[in-house]
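Novice: Take a look at the following structure, please.
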Amino acid sequence: MNAVPVPTWAGELPDGRDVWTRMRDGARLAATVWLPAPRGRHPVLLARTPYGRGPYGPGLRLDVARLLSAGYAVMVQDVRGTGESEGDLRFLTGEAADGYDTVTWAARQLWCDGQVGMFGDSYLGIAQLLTASERPDGLRAIAPSVSPAGLHDVVYAGGVLRLGIVLPVLAAVIAPLHLARRARRGPWENGPPAAPAARLGEMLRRLPVGDQPEIADLFPFYADWLAHPDPSHELWRDADLEARYDKIEVPALLSTGWYDYFRDSTIHTYRALRDSARLRARLVVGPWTHAFRERTLAGRDHGPHASGEALDWTGLHLDWFGHWMRGTPLGDDARVRVFVTGTCEWRAMGDWPPEESEAVRYHLGDGGTLGPEAARTLVPEATLRACFLSDPGDPVPTTGGDVIEFLPPGPGPVDQRPLAGRTDVLRYTTAPLPAPLEVIGAAELVVTAESDARCFTVTGKLVDVHPDGREEILVDGIARVEGGGAQPERVRVLLGNLAHAFGAGHRVRLEVAGSNFPKYARHPSSARVTISAPSYLLLPVAGRPRSSGDAVRPRS
C-alpha cells in the first residue's frame with residue numbers, strides 16, 4: 001500500500017484487509033478492502049489503480065470514511081504489474097478483462113450484496129469504462145473523472161505526440177512506483193538505475209523524442225507507442241473506447257475540469273454515452289485541472305463555490321451511487337452542470353453543448369484583426385496573408401492551459417504576455433467588446449495553410465484579453481499536416497470545449513503558431529507556414545438568434 005498522507009478533508013479509517021483476486025490467466029491482483037460496521041453484506045465501491053492502493057492518493061479523491069459511514073464497502077486494487085499485484089504493467093491494455101474479473105469476484109463475496117460501483121480519476125476512470133464495456137454481472141454504476149477516451153488518446157492529439165503528458169507521467173509518476181516495486185524483489189544486479197524524474201527537463205528537450213533510455217528500459221511499450229502513431233493500428237485497439245461505447249449500459253457520472261488535459265475526451269465520452277446509454281450519463285465540469293479542484297488557479301480566484309470541496313465532491317458521488325444502487329432520489333438531477341468562467345457561476349444545462357449555442361465565424365484579417373461574419377466588410381478576408389517560421393531549435397514555449405502540473409508555470413489561465421515579443425506567433429484580436437459575450441461549446445480554428453515543408457504543425461490558442469492587459473489562455477490545440485507543401489489546404493485545429501463569458505471591454509484573441517512545447521513534441525524540421533483566406537475561428541456563441549446569418553453548423 002502507498003503511504004500518502006490522509007487529506008485534511010478525510011475522516012479516520014478502520015484497518016483494511018488485504019485480499020487477492022485471481023484473473024482468468026491465473027495472475028493474482030492485490031487489493032485492500034475496508035468494511036463498514038456492522039458486519040453484513042454491503043454494496044461495494046471499487047477503484048483499480050496503478051498508483052498504489054492506499055485509500056487516498058493520485059486518482060483517489062473521495063472520503064473513504066464517509067463512504068463507509070454511508071454503508072458501502074470500499075475496495076482498492078493494484079492493477080496488473082503494479083504495487084503487489086502479479087504480472088507486467090501493460091498500461092491500459094488488458095484492463096477490460098481484468099476489470100471484469102475483479103467486479104465478478106467482488107460481487108460474489110460474502111461481504112458484498114451483489115452490487116458493485118466503480119470510481120476514480122484518470123487511469124482509474126478509463127479502467128471503469130473499459131470494465132463497463134464488458135458488462136460484468138453486478139456492476140451497477142460508474143463515476144469516471146478526468147478520463148481519456150483510449151490509449152491512443154493518452155499518447156497523441158491532432159496527430160502529434162503529447163510529450164508533456166507521456167514523459168512526465170512515465171518518468172515522474174509511474175517510474176518511481178515501478179522502481180520501488182522492483183527493489184522489493186532484492187538487490188539490483190548492476191546497482192539501481194537513476195530515477196528518471198530527476199532528468200525530466202532534459203528528457204523533454206531531447207531529439208529525437210524516442211531517445212529516452214531511462215524510459216525504454218523500464219517501459220518497453222514506449223517505443224511501440226512512438227512506432228505506431230496511426231490510431232487504427234492494432235496496438236491501440238484493446239484500450240480504445242470508440243468501439244466500446246455502445247456496449248456500456250451502466251449509468252455513468254463523468255466529470256472533468258476546464259484545464260484538464262482530458263477535458264475534451266471526457267466530454268466526448270459523455271456525448272457518446274448520452275447517445276447509447278438511454279440518457280443515463282451525467283456531466284460535471286468545474287474550473288479545475290487534471291489533479292486539483294481548487295477555487296484559485298494561476299492567480300485567478302473563481303469564488304467560494306468553485307472548488308470540489310464546496311461542491312461536496314464525496315457527497316456528489318454518494319448521491320449518484322445511492323440512486324443507482326439503493327434507489328434513493330437524485331439530489332441533483334441536472335444532466336449537465338458546468339462552471340462558467342468569467343461570471344464564476346455554476347449552471348445547469350439540459351445537454352452539452354447547449355442548444356442555444358451556435359458556431360459563429362470570426363475571420364482572421366490582415367493587421368491582426370478578428371471579426372465575426374457579419375463584419376466581413378470591415379475584415380476583408382481576401383487580403384489575408386501572413387506567415388510564421390516554426391523552428392525546432394526555438395519552439396514557442398507552453399505557457400499554461402490544460403497541461404500537467406509538472407510543466408512550469410503550471411496549468412490554468414496563465415498570462416500570455418511573456419510571449420508578446422515572439423515573431424513566430426500570429427495574433428488576431430477583436431475590438432473591445434461592447435457587451436458580454438458567452439462562449440459555450442467547442443471552439444475550433446480553421447486555416448488555409450501552405451508551407452515550404454511537406455510536413456508541419458499548426459497550433460491555435462484562444463485568449464481572453466482583459467482591460468488591464470492580462471491575457472488569459474482559455475483553450476488551445478494542434479494539428480499535424482502530412483504530405484502538404486506549396487498547395488494551400490484547409491487545416492482544422494480543435495481548440496477545445498469551454499464555458500466562458502468574455503466581459504464587456506474585454507477582447508477575444510486567437511494566436512496561431514507552429515509549436516507549443518513541451519506540451520506537444522516539436523516537429524524535427526523547420527517550416528515556413530503561410531496562412532491565407534479563408535481562415536477563421538469558430539466560436540460557440542450562446543444565446544444568438546437561430547436566424548443569424550453568420551452561424552454555421554457546429555462540428556460534431
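By convention here, the chains of the C-alpha cells are called A, B, ... in the order presented, each chain's residues are numbered starting at 1, and ligands are numbered starting at 1 in the order presented.
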I'd like the neighbourhood of A:Phe456 as a PDB file with C-alpha atoms, in the first residue's frame, where a residue qualifies if any of its atoms comes within 10 Å (using only C-alpha atoms), though same-chain residues fewer than 4 positions away should be ignored.

Specialist:
ATOM      1  CA  SER A 390       8.415  27.043 -36.985  1.00  0.00           C
ATOM      2  CA  GLU A 450       0.718  26.221 -47.184  1.00  0.00           C
ATOM      3  CA  SER A 451       4.362  25.579 -46.390  1.00  0.00           C
ATOM      4  CA  ASP A 452       7.797  25.004 -47.836  1.00  0.00           C
ATOM      5  CA  ALA A 479      -2.939  19.672 -35.911  1.00  0.00           C
ATOM      6  CA  ARG A 480      -0.274  17.861 -37.898  1.00  0.00           C
ATOM      7  CA  VAL A 481      -0.288  18.295 -41.685  1.00  0.00           C
ATOM      8  CA  GLU A 482       1.306  15.460 -43.683  1.00  0.00           C
ATOM      9  CA  GLY A 483       2.025  15.390 -47.383  1.00  0.00           C
ATOM     10  CA  GLY A 484       1.335  19.102 -47.704  1.00  0.00           C
ATOM     11  CA  GLY A 485       3.573  21.704 -49.206  1.00  0.00           C
ATOM     12  CA  GLY A 514       3.734  26.150 -35.373  1.00  0.00           C
ATOM     13  CA  SER A 515       4.654  24.745 -31.951  1.00  0.00           C
ATOM     14  CA  ARG A 522       8.309  19.609 -31.758  1.00  0.00           C
ATOM     15  CA  HIS A 523       8.380  18.765 -35.419  1.00  0.00           C
ATOM     16  CA  PRO A 524      12.085  17.946 -36.028  1.00  0.00           C
ATOM     17  CA  SER A 525      12.382  20.131 -39.152  1.00  0.00           C
ATOM     18  CA  SER A 526      11.913  23.843 -39.703  1.00  0.00           C
ATOM     19  CA  ALA A 527       8.937  25.032 -41.713  1.00  0.00           C
ATOM     20  CA  ARG A 528       7.752  28.377 -43.028  1.00  0.00           C
ATOM     21  CA  VAL A 529       3.966  28.349 -42.947  1.00  0.00           C
TER      22      VAL A 529
END

Novice: Report as a tab-separated table: every residue of stretch 319-409 of chain A with an atom at most 9 Å from stretch 263-271 of chain A, its closest pair of atoms, and their distance in Å to one decimal, counting only C-alpha atoms, with rows sorted by chain and ascending residue number.

Specialist:
residue	atom	partner	partner_atom	distance
A:Asp351	CA	A:Arg271	CA	8.8
A:Trp352	CA	A:Arg271	CA	7.5
A:Asp402	CA	A:Arg263	CA	8.2

Novice: From the set A:Ala453, A:Ala172, A:Val446, A:Ala180, which residue has the shortest atom-to-atom contact distance to A:Ala198, counting only C-alpha atoms?

Specialist: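 Closest to A:Ala198, using only C-alpha atoms: A:Ala172.
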
Novice: Name the residues of stretch 326-364 of chain A that fall into strand (DSSP E) according to DSSP on the backbone, using the chain letters and numbers of this document, as a list in words.

Specialist: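 Assigned to strand (DSSP E), within stretch 326-364 of chain A: Val336, Arg337, Val338, Phe339, Val340, Glu345, Trp346, Arg347, Ala348, Met349, Ser357, Glu358, Ala359, Val360, Arg361, Tyr362, His363 and Leu364 of chain A.
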
Novice: I need the residues from that last selection saved to file as a PDB file, in the first residue's frame (with N, CA, C and O atoms), if you can.

Specialist:
ATOM      1  N   VAL A 336     -26.387  18.034 -17.114  1.00  0.00           N
ATOM      2  CA  VAL A 336     -25.076  18.670 -17.259  1.00  0.00           C
ATOM      3  C   VAL A 336     -25.005  19.831 -16.276  1.00  0.00           C
ATOM      4  O   VAL A 336     -25.947  20.630 -16.182  1.00  0.00           O
ATOM      5  N   ARG A 337     -23.904  19.924 -15.547  1.00  0.00           N
ATOM      6  CA  ARG A 337     -23.679  21.070 -14.666  1.00  0.00           C
ATOM      7  C   ARG A 337     -22.253  21.543 -14.892  1.00  0.00           C
ATOM      8  O   ARG A 337     -21.296  20.789 -14.685  1.00  0.00           O
ATOM      9  N   VAL A 338     -22.123  22.800 -15.337  1.00  0.00           N
ATOM     10  CA  VAL A 338     -20.798  23.337 -15.646  1.00  0.00           C
ATOM     11  C   VAL A 338     -20.593  24.654 -14.923  1.00  0.00           C
ATOM     12  O   VAL A 338     -21.545  25.370 -14.597  1.00  0.00           O
ATOM     13  N   PHE A 339     -19.330  24.963 -14.697  1.00  0.00           N
ATOM     14  CA  PHE A 339     -18.941  26.243 -14.103  1.00  0.00           C
ATOM     15  C   PHE A 339     -18.563  27.184 -15.234  1.00  0.00           C
ATOM     16  O   PHE A 339     -17.694  26.868 -16.058  1.00  0.00           O
ATOM     17  N   VAL A 340     -19.219  28.331 -15.306  1.00  0.00           N
ATOM     18  CA  VAL A 340     -18.943  29.321 -16.342  1.00  0.00           C
ATOM     19  C   VAL A 340     -17.859  30.269 -15.834  1.00  0.00           C
ATOM     20  O   VAL A 340     -18.077  31.020 -14.876  1.00  0.00           O
ATOM     21  N   GLU A 345     -19.921  31.176 -12.038  1.00  0.00           N
ATOM     22  CA  GLU A 345     -21.174  30.622 -11.544  1.00  0.00           C
ATOM     23  C   GLU A 345     -21.386  29.217 -12.103  1.00  0.00           C
ATOM     24  O   GLU A 345     -20.955  28.902 -13.217  1.00  0.00           O
ATOM     25  N   TRP A 346     -22.028  28.369 -11.289  1.00  0.00           N
ATOM     26  CA  TRP A 346     -22.442  27.054 -11.759  1.00  0.00           C
ATOM     27  C   TRP A 346     -23.744  27.202 -12.535  1.00  0.00           C
ATOM     28  O   TRP A 346     -24.615  28.008 -12.172  1.00  0.00           O
ATOM     29  N   ARG A 347     -23.874  26.402 -13.592  1.00  0.00           N
ATOM     30  CA  ARG A 347     -25.069  26.479 -14.400  1.00  0.00           C
ATOM     31  C   ARG A 347     -25.527  25.080 -14.805  1.00  0.00           C
ATOM     32  O   ARG A 347     -24.716  24.266 -15.268  1.00  0.00           O
ATOM     33  N   ALA A 348     -26.809  24.785 -14.605  1.00  0.00           N
ATOM     34  CA  ALA A 348     -27.390  23.511 -15.029  1.00  0.00           C
ATOM     35  C   ALA A 348     -27.829  23.631 -16.481  1.00  0.00           C
ATOM     36  O   ALA A 348     -28.373  24.655 -16.900  1.00  0.00           O
ATOM     37  N   MET A 349     -27.594  22.560 -17.247  1.00  0.00           N
ATOM     38  CA  MET A 349     -27.948  22.551 -18.668  1.00  0.00           C
ATOM     39  C   MET A 349     -28.607  21.230 -19.015  1.00  0.00           C
ATOM     40  O   MET A 349     -28.348  20.198 -18.381  1.00  0.00           O
ATOM     41  N   SER A 357     -26.380  27.442 -28.236  1.00  0.00           N
ATOM     42  CA  SER A 357     -25.079  27.853 -28.761  1.00  0.00           C
ATOM     43  C   SER A 357     -25.003  27.605 -30.260  1.00  0.00           C
ATOM     44  O   SER A 357     -25.443  26.569 -30.755  1.00  0.00           O
ATOM     45  N   GLU A 358     -24.437  28.582 -30.966  1.00  0.00           N
ATOM     46  CA  GLU A 358     -24.219  28.453 -32.401  1.00  0.00           C
ATOM     47  C   GLU A 358     -22.768  28.776 -32.721  1.00  0.00           C
ATOM     48  O   GLU A 358     -22.183  29.690 -32.128  1.00  0.00           O
ATOM     49  N   ALA A 359     -22.211  28.034 -33.660  1.00  0.00           N
ATOM     50  CA  ALA A 359     -20.831  28.285 -34.067  1.00  0.00           C
ATOM     51  C   ALA A 359     -20.789  29.481 -35.005  1.00  0.00           C
ATOM     52  O   ALA A 359     -21.373  29.461 -36.089  1.00  0.00           O
ATOM     53  N   VAL A 360     -20.102  30.530 -34.592  1.00  0.00           N
ATOM     54  CA  VAL A 360     -20.017  31.773 -35.350  1.00  0.00           C
ATOM     55  C   VAL A 360     -18.588  31.939 -35.864  1.00  0.00           C
ATOM     56  O   VAL A 360     -17.624  31.772 -35.117  1.00  0.00           O
ATOM     57  N   ARG A 361     -18.488  32.296 -37.142  1.00  0.00           N
ATOM     58  CA  ARG A 361     -17.164  32.501 -37.733  1.00  0.00           C
ATOM     59  C   ARG A 361     -16.617  33.887 -37.399  1.00  0.00           C
ATOM     60  O   ARG A 361     -17.264  34.907 -37.677  1.00  0.00           O
ATOM     61  N   TYR A 362     -15.418  33.900 -36.840  1.00  0.00           N
ATOM     62  CA  TYR A 362     -14.663  35.128 -36.643  1.00  0.00           C
ATOM     63  C   TYR A 362     -13.470  35.073 -37.589  1.00  0.00           C
ATOM     64  O   TYR A 362     -12.554  34.261 -37.415  1.00  0.00           O
ATOM     65  N   HIS A 363     -13.489  35.914 -38.605  1.00  0.00           N
ATOM     66  CA  HIS A 363     -12.475  35.826 -39.656  1.00  0.00           C
ATOM     67  C   HIS A 363     -11.186  36.534 -39.265  1.00  0.00           C
ATOM     68  O   HIS A 363     -11.192  37.597 -38.636  1.00  0.00           O
ATOM     69  N   LEU A 364     -10.071  35.919 -39.668  1.00  0.00           N
ATOM     70  CA  LEU A 364      -8.748  36.496 -39.468  1.00  0.00           C
ATOM     71  C   LEU A 364      -8.487  37.466 -40.606  1.00  0.00           C
ATOM     72  O   LEU A 364      -8.730  37.137 -41.786  1.00  0.00           O
TER      73      LEU A 364
END

Novice: What does the distance between atom CA of A:Met75 and atom CA of A:Ala27 come to in Å, to one decimal place?

Specialist: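 Separation between atom CA of A:Met75 and atom CA of A:Ala27: 18.3 Å.
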
Novice: Find the residue from A:Asp153, A:Asp98, A:Asp366, A:Asp211 that sits nearest to A:Ser532; use only C-alpha atoms when measuring.

Specialist: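 Using only C-alpha atoms, A:Ser532 sits closest to A:Asp366.
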
Novice: Please identify which residues in stretch 165-340 of chain A DSSP calls alpha helix (DSSP H) from the backbone, and express them as a PyMOL selection string.

Specialist: chain A and resi 165-168+175-183+200-205+213-218+221-227+263-276+308-311+313-326

Novice: Select from stretch 229-308 of chain A every residue with an atom at most 12 Å from any atom of stretch 312-330 of chain A, then for each give the shortest pair of atoms and their distance in Å to one decimal, using only C-alpha atoms, rows by chain and rising number, as a tab-separated table.

Specialist:
residue	atom	partner	partner_atom	distance
A:Val250	CA	A:Trp324	CA	9.2
A:Pro251	CA	A:Trp324	CA	7.7
A:Ala252	CA	A:Trp320	CA	8.9
A:Leu253	CA	A:Trp320	CA	7.3
A:Leu254	CA	A:His317	CA	10.5
A:Ser255	CA	A:Trp313	CA	10.5
A:Arg280	CA	A:Trp324	CA	10.2
A:Ala281	CA	A:Trp320	CA	10.8
A:Arg282	CA	A:Trp320	CA	9.6
A:Leu283	CA	A:Leu316	CA	11.7
A:Val284	CA	A:Leu316	CA	10.1
A:Gly286	CA	A:Trp313	CA	11.3
A:Phe292	CA	A:Trp313	CA	11.9
A:Arg293	CA	A:Trp313	CA	9.4
A:Glu294	CA	A:Trp313	CA	11.6
A:His305	CA	A:Asp312	CA	10.1
A:Ala306	CA	A:Asp312	CA	10.6
A:Ser307	CA	A:Asp312	CA	8.6
A:Gly308	CA	A:Trp313	CA	5.3

Novice: Residues within 7 Å of stretch 113-126 of chain A, please, as a list in words. Count only C-alpha atoms; anything in the same chain fewer than 5 positions from it doesn't count.

Specialist: Arg41, His42, Pro43, Val44, Leu45, Leu46, Ala47, Arg48, Thr49, Gly59, Leu60, Val103, Ala107, Arg108, Gly138, Leu139, Arg140, Ala141, Ile142, Ala143, Pro144, Ser145, Val146, Ser147, Pro148, Ala149 and Met325 of chain A

Novice: From the options A:Tyr56, A:Ala65, A:Ala443, A:Ala106, which residue's atoms come nearest to A:Val19, counting only C-alpha atoms?

Specialist: A:Ala106

Novice: Determine the nearest neighbour of A:Pro213 from the options A:Ala195, A:Pro229, A:Asn516, A:Arg295, counting only C-alpha atoms.

Specialist: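 Checking each candidate against A:Pro213, we get A:Ala195 as the closest.
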